[in-house]
Each structure stands twice: as structure tokens, then as C-alpha cells.
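Read through the structure below, which is laid out as C-alpha cells, and then see the notes.
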Amino acid sequence: MDYQKILEEISLEIKPLFGLGKVANYIPLLSKVNPNKFAMAITLLDGTQYKIGDSNEVFSIQSISKVFAFTLALESYGIKLYDRVGVEPSGDPFNSLIQLEYEKGIPRNPFINAGAIVITDTLLKSFKDDKTTLNKLLEFIRDISDNKNINYDSDIADSEMSFGYKNMALANLMKSFDNLYNEPIDVLKIYFKQCAISMNVKDLSRAMLYLVHNGSDPVTKKEFTSLRRIKRINSLMLTCGHYDASGEFAFHVGLPGKSGVGGGIVAVVPNILGISVYSPELNSHGNSLIGTKALELFTTKTGLSIF
Ligand code: GLN
């Protein structure tokens with residue numbers, strides 16, 4: 001397969017879509033990113049990479065971090081996690097409060113904000129203090145992307161902290177239902193930093209390899225999780241990775257994927273490759289508009305959807 005040629009075709013075909021979406025603005029610093037950036041990268045099982053566009057540009061991974069935090073929480077806390085967070089799509093926006101009250105503080109899944117806050121709370125319970133928790137997560141992400149330089153952007157974390165009222169409401173509501181071990185503010189301080197981790201599409205497509213390849217890294221041979229858990233994580237990415245547009249993403253793209261409001265998306269072609277795309281203008285569901293289209297073009301041109 002000529003992946004480079006396919007990436008080149010995609011980067012031309014998405015050009016008319018610039019200007020149709022909107023950069024996230026509820027996190028003040030994110031509203032300042034250049035809306036015209038576009039990058040895409042693929043990493044194959046042997047580590048070979050193909051890339052196009054601004055592939056060195058690091059951006060805020062935001063909710064893509066939920067996949068990594070969930071993997072780490074499963075490893076550190078085990079399946080008791082499923083007592084505290086469900087595995088059903090929510091059908092609601094990523095930061096919705098509605099279901100959380102009538103479902104008694106148990107979030108629908110780990111990839112909406114409420115679910116991810118529970119996951120971060122679990123990590124803090126497992127690793128005891130905020131520094132260790134964040135470091136464990138960063139170490140894990142550096143390991144799976146094979147890049148020791150990955151870090152978070154403290155300005156973006158602070159920017160979200162100062163306007164994160166919805167997330168504070170979610171965390172407080174869950175605390176009131178006794179579904180947080182720690183104080184809401186202590187969990188959110190870590191959650192906002194985790195969302196503010198900066199990576200480029202090369203790092204992100206590389207970071208998908210453990211999900212492509214049975215839980216271990218095919219290049220470094222490091223083991224990160226089990227085959228059984230890979231099935232769980234990938235299926236949740238397919239059914240819940242794009243919030244109330246998860247059905248649409250599965251319909252058009254046909255791959256397990258996860259988006260973030262920073263404009264990044266990651267996706268997994270099991271046993272073949274990891275892929276990531278970046279374009280900061282979002283659709284009305286908070287997913288990268290051009291990124292989604294680029295992935296649809298990719299699976300259409302290559303026939304590499306899981307279906
Ligand atoms: N940090 C963002 C928030 O909590 C992440 C949301 C997202 O990427 N969809 O609102």
C-alpha cells in the first residue's frame with residue numbers, strides 16, 4: 001500500500017473544508033491556536049512512519065488522554081473500576097450533567113468527562129499523591145510513544161482550571177454520590193494537567209501501537225496491558241470515543257478512535273497500524289471536523305476499516 005500517496009491525496013481533498021468548523025473557545029488558551037494547521041501520521045507495526053502536513057506541531061491532546069489514563073487505571077486498580085464507571089455510550093455531549101444525576105453519580109463510560117474524572121480519581125487513589133500520579137501517567141505516555149520529551153503545558157492547564165466550572169460541577173456531583181475517593185479539586189488539578197499534555201501526530205500514532213498489537217509494543221517489546229483489555233479499550237473507543245457522534249464516526253470511519261477538543265484524533269487499525277490526525281476546527285460535537293473527514297477518506301481509500 002502506498003501510504004504516502006494516500007496521505008498526499010487526503011491533504012488535498014480536505015482543503016475545501018477549512019473554515020467550516022470552530023476552534024474550541026471554552027478553554028481560553030485553546031482559542032488562540034492557528035485554525036489552518038493540518039497534520040496526519042501513520043505508524044506501522046515495525047515502527048515505520050508516514051506523515052503529511054504540520055507533523056512536528058505539538059498540540060493539546062485533551063480527551064485523547066482519557067484512553068491512556070483508562071489503560072493505566074485498569075492496570076493499577078483492576079476491574080473493580082467497572083463498579084464506578086459504565087461501558088455504554090452516553091448519547092450526550094462530553095461534559096453533560098444530565099445522566100449523571102439520575103444514574104446516581106456513575107458515569108456512562110470512561111471517555112466522557114465525568115468518567116475520565118472518576119478514572120483520574122482512581123489513579124490518585126492508586127498512586128497516593130498528585131505528583132506521582134501525573135508522573136506515572138506521563139511515564140506511561142512517554143513509553144508508549146517512545147518519546148521521553150513529552151510533557152504537559154501548564155499554561156493550558158491553568159487556563160482550563162480558571163474556567164472549568166462544568167467539570168467542577170461534574171466532580172462535585174459525583175462526590176455527593178460517593179463516587180470520588182478524593183476531594184473534587186484535587187482530582188481536577190490532575191485531570192486538567194493530563195488534558196494539557198502536548199504531543200504531535202507522530203507521537204500519537206506511535207502511542208496507538210499497544211492497542212494495535214495485543215497490549216505490547218511491537219518495536220520495544222514492552223508489555224503494557226493484556227489482550228483481553230485491548231478488546232475492552234478498543235471497543236469502548238469505537239462505541240464511546242466521539243461522545244454523541246460516536247455512531248457517526250463508526251459509520252463513516254469504521255475504526256476505534258478517540259478525539260480531543262484540541263483538534264486531535266487517534267485511531268487504531270487492529271494488527272496493522274496506528275493513525276493520528278490534527279486539525280483544530282471542531283464540528284458541533286466537539287470533534288475535529290477535518291480530522292474526521294480525513295480518517296473517513298483514509299478508510300475509504302485503503303479499505304482498512306474493521307468492518
Ligand atoms: N479538558 C477538556 C474538558 O474537560 C477535554 C474535553 C474534550 O477534549 N472533549 O472539557
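How things are named: the first chain in the C-alpha cells is A, the next is B, and so on; residues count from 1 in each chain; ligands count from 1 in the order shown.
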Practice problem: Return as number ranges by chain every polymer residue, whether protein, DNA or RNA, with at least one atom no more than 6 Å from an atom of ligand 1; count only C-alpha atoms and all ligand atoms. | Solution: A: 62-63, 94, 113, 192, 195, 260-261
Quiz item: Which residues in segment 76-258 of chain A does DSSP call strand (DSSP E)? List them as a ChimeraX atom specification.
Solution: /A:151-152,197-199,257-258
Any chance you could export the current selection's N, CA and C atoms as a PDB file, in the first residue's frame?
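To be explicit, this is the file written out as part_25.pdb:
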```pdb
ATOM      1  N   ASN A 151       5.493  16.208  27.611  1.00  0.00           N
ATOM      2  CA  ASN A 151       5.157  16.856  28.875  1.00  0.00           C
ATOM      3  C   ASN A 151       3.808  17.561  28.755  1.00  0.00           C
ATOM      4  N   TYR A 152       3.374  18.187  29.836  1.00  0.00           N
ATOM      5  CA  TYR A 152       2.120  18.947  29.733  1.00  0.00           C
ATOM      6  C   TYR A 152       2.419  20.435  29.690  1.00  0.00           C
ATOM      7  N   ILE A 197      -1.555  17.711  28.191  1.00  0.00           N
ATOM      8  CA  ILE A 197      -0.340  17.064  27.657  1.00  0.00           C
ATOM      9  C   ILE A 197      -0.224  17.404  26.174  1.00  0.00           C
ATOM     10  N   SER A 198       1.008  17.750  25.770  1.00  0.00           N
ATOM     11  CA  SER A 198       1.240  18.175  24.373  1.00  0.00           C
ATOM     12  C   SER A 198       1.938  17.055  23.604  1.00  0.00           C
ATOM     13  N   MET A 199       1.403  16.743  22.437  1.00  0.00           N
ATOM     14  CA  MET A 199       2.024  15.720  21.573  1.00  0.00           C
ATOM     15  C   MET A 199       1.788  16.113  20.117  1.00  0.00           C
ATOM     16  N   GLY A 257     -11.638   4.892  17.767  1.00  0.00           N
ATOM     17  CA  GLY A 257     -10.950   6.187  17.707  1.00  0.00           C
ATOM     18  C   GLY A 257     -11.247   7.019  18.928  1.00  0.00           C
ATOM     19  N   LYS A 258     -10.448   8.050  19.145  1.00  0.00           N
ATOM     20  CA  LYS A 258     -10.714   8.958  20.269  1.00  0.00           C
ATOM     21  C   LYS A 258     -10.318  10.358  19.838  1.00  0.00           C
TER      22      LYS A 258
END
```
Selection: 9 Å around Asn200 of chain A, only C-alpha atoms, excl. self and same-chain fewer than 2 positions, as an mmCIF file with N, CA, C and O atoms, in the first residue's frame:
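Saved the output as around-v7.cif:
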```
data_model
loop_
_atom_site.group_PDB
_atom_site.id
_atom_site.type_symbol
_atom_site.label_atom_id
_atom_site.label_comp_id
_atom_site.auth_asym_id
_atom_site.auth_seq_id
_atom_site.Cartn_x
_atom_site.Cartn_y
_atom_site.Cartn_z
ATOM 1 N N ALA A 39 -2.289 18.050 10.070
ATOM 2 C CA ALA A 39 -1.223 17.045 10.071
ATOM 3 C C ALA A 39 -1.847 15.666 10.211
ATOM 4 O O ALA A 39 -2.925 15.514 10.800
ATOM 5 N N ASP A 54 1.739 19.494 9.141
ATOM 6 C CA ASP A 54 2.471 20.030 10.298
ATOM 7 C C ASP A 54 2.709 18.930 11.335
ATOM 8 O O ASP A 54 2.265 19.037 12.483
ATOM 9 N N SER A 55 3.459 17.904 10.927
ATOM 10 C CA SER A 55 3.534 16.719 11.788
ATOM 11 C C SER A 55 4.462 16.907 12.984
ATOM 12 O O SER A 55 4.476 16.070 13.883
ATOM 13 N N ASN A 56 5.222 18.014 13.012
ATOM 14 C CA ASN A 56 6.048 18.278 14.207
ATOM 15 C C ASN A 56 5.334 19.188 15.200
ATOM 16 O O ASN A 56 5.840 19.434 16.292
ATOM 17 N N GLU A 57 4.184 19.707 14.801
ATOM 18 C CA GLU A 57 3.451 20.660 15.643
ATOM 19 C C GLU A 57 2.858 19.919 16.845
ATOM 20 O O GLU A 57 2.049 19.004 16.676
ATOM 21 N N VAL A 58 3.260 20.309 18.067
ATOM 22 C CA VAL A 58 2.624 19.690 19.234
ATOM 23 C C VAL A 58 1.364 20.468 19.583
ATOM 24 O O VAL A 58 1.300 21.671 19.397
ATOM 25 N N PHE A 59 0.369 19.752 20.048
ATOM 26 C CA PHE A 59 -0.915 20.376 20.397
ATOM 27 C C PHE A 59 -1.438 19.696 21.656
ATOM 28 O O PHE A 59 -0.907 18.669 22.096
ATOM 29 N N SER A 60 -2.492 20.275 22.185
ATOM 30 C CA SER A 60 -3.049 19.789 23.438
ATOM 31 C C SER A 60 -3.882 18.533 23.150
ATOM 32 O O SER A 60 -4.841 18.605 22.381
ATOM 33 N N ILE A 61 -3.519 17.408 23.773
ATOM 34 C CA ILE A 61 -4.218 16.173 23.386
ATOM 35 C C ILE A 61 -5.614 16.093 24.003
ATOM 36 O O ILE A 61 -6.459 15.336 23.546
ATOM 37 N N SER A 198 1.008 17.750 25.770
ATOM 38 C CA SER A 198 1.240 18.175 24.373
ATOM 39 C C SER A 198 1.938 17.055 23.604
ATOM 40 O O SER A 198 2.949 16.529 24.062
ATOM 41 N N LYS A 202 2.829 12.362 15.135
ATOM 42 C CA LYS A 202 3.766 11.223 15.061
ATOM 43 C C LYS A 202 3.771 10.480 16.398
ATOM 44 O O LYS A 202 3.669 9.253 16.449
ATOM 45 N N ASP A 203 3.882 11.261 17.510
ATOM 46 C CA ASP A 203 3.830 10.644 18.852
ATOM 47 C C ASP A 203 2.524 9.877 19.036
ATOM 48 O O ASP A 203 2.511 8.769 19.581
ATOM 49 N N LEU A 204 1.428 10.500 18.623
ATOM 50 C CA LEU A 204 0.116 9.894 18.906
ATOM 51 C C LEU A 204 -0.119 8.625 18.088
ATOM 52 O O LEU A 204 -0.661 7.642 18.606
ATOM 53 N N SER A 205 0.298 8.644 16.825
ATOM 54 C CA SER A 205 0.087 7.419 16.032
ATOM 55 C C SER A 205 0.982 6.307 16.578
ATOM 56 O O SER A 205 0.594 5.141 16.647
ATOM 57 N N GLY A 264 -7.185 17.004 17.926
ATOM 58 C CA GLY A 264 -6.535 15.732 17.564
ATOM 59 C C GLY A 264 -7.530 14.582 17.563
ATOM 60 O O GLY A 264 -8.550 14.624 18.267
ATOM 61 N N SER A 276 -3.049 9.076 13.421
ATOM 62 C CA SER A 276 -3.498 10.269 14.142
ATOM 63 C C SER A 276 -3.605 11.423 13.165
ATOM 64 O O SER A 276 -2.859 11.510 12.187
ATOM 65 N N TYR A 278 -4.565 15.854 13.007
ATOM 66 C CA TYR A 278 -4.733 17.098 13.768
ATOM 67 C C TYR A 278 -5.273 18.191 12.862
ATOM 68 O O TYR A 278 -4.728 18.446 11.782
#
```
Quiz item: What's the 9 Å shell around segment 131-142 of chain A, counting only C-alpha atoms, without same-chain residues fewer than 4 positions away, as a count of residues only?
Solution: 25
Practice problem: Enumerate, as a VMD selection string, the complete set of residues in segment 125-239 of chain A that a backbone-based DSSP assignment places in alpha helix (DSSP H). | Solution: chain A and resid 125 to 127 130 to 145 154 to 163 165 to 176 184 to 195 201 to 207 209 to 212 227 to 239
Practice problem: Compare A:Ile144, A:Val187, A:Val268, A:Val85 by their minimum atom-to-atom distance to Met161 of chain A, counting only C-alpha atoms, and give me the closest one. | Solution: A:Val187
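Across the model, the gap from atom CA of Ile52 of chain A to atom CA of Ser305 of chain A is 20.6 Å.
Between Met40 of chain A and the residues A:Ser279, A:Asn179, A:Thr302, A:Thr225, the shortest atom-to-atom distance, using only C-alpha atoms, involves A:Ser279.
Residues within 8 Å of Val212 of chain A, counting only C-alpha atoms and excluding same-chain residues fewer than 5 positions away, are Leu45, Val268, Val269, Pro270, Asn271, Ile272, Leu273 and Gly274 of chain A.
In terms of minimum interatomic distance to Gly105 of chain A, A:Ala169 ranks closest within A:Ala169, A:Leu30, A:Leu188, A:Ile290, counting only C-alpha atoms.
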Practice problem: Determine, counting only C-alpha atoms, which protein, DNA and RNA residues have an atom within 9 Å of an atom of Leu236 of chain A; residues of the same chain fewer than 2 positions away are not included. Present the result as a PyMOL selection string. | Solution: chain A and resi 87-89+109-111+231-234+238-241+256-257
Quiz item: So how far away is atom CA of Tyr181 of chain A from atom CA of Asp121 of chain A, in Å?
Solution: 6.6 Å
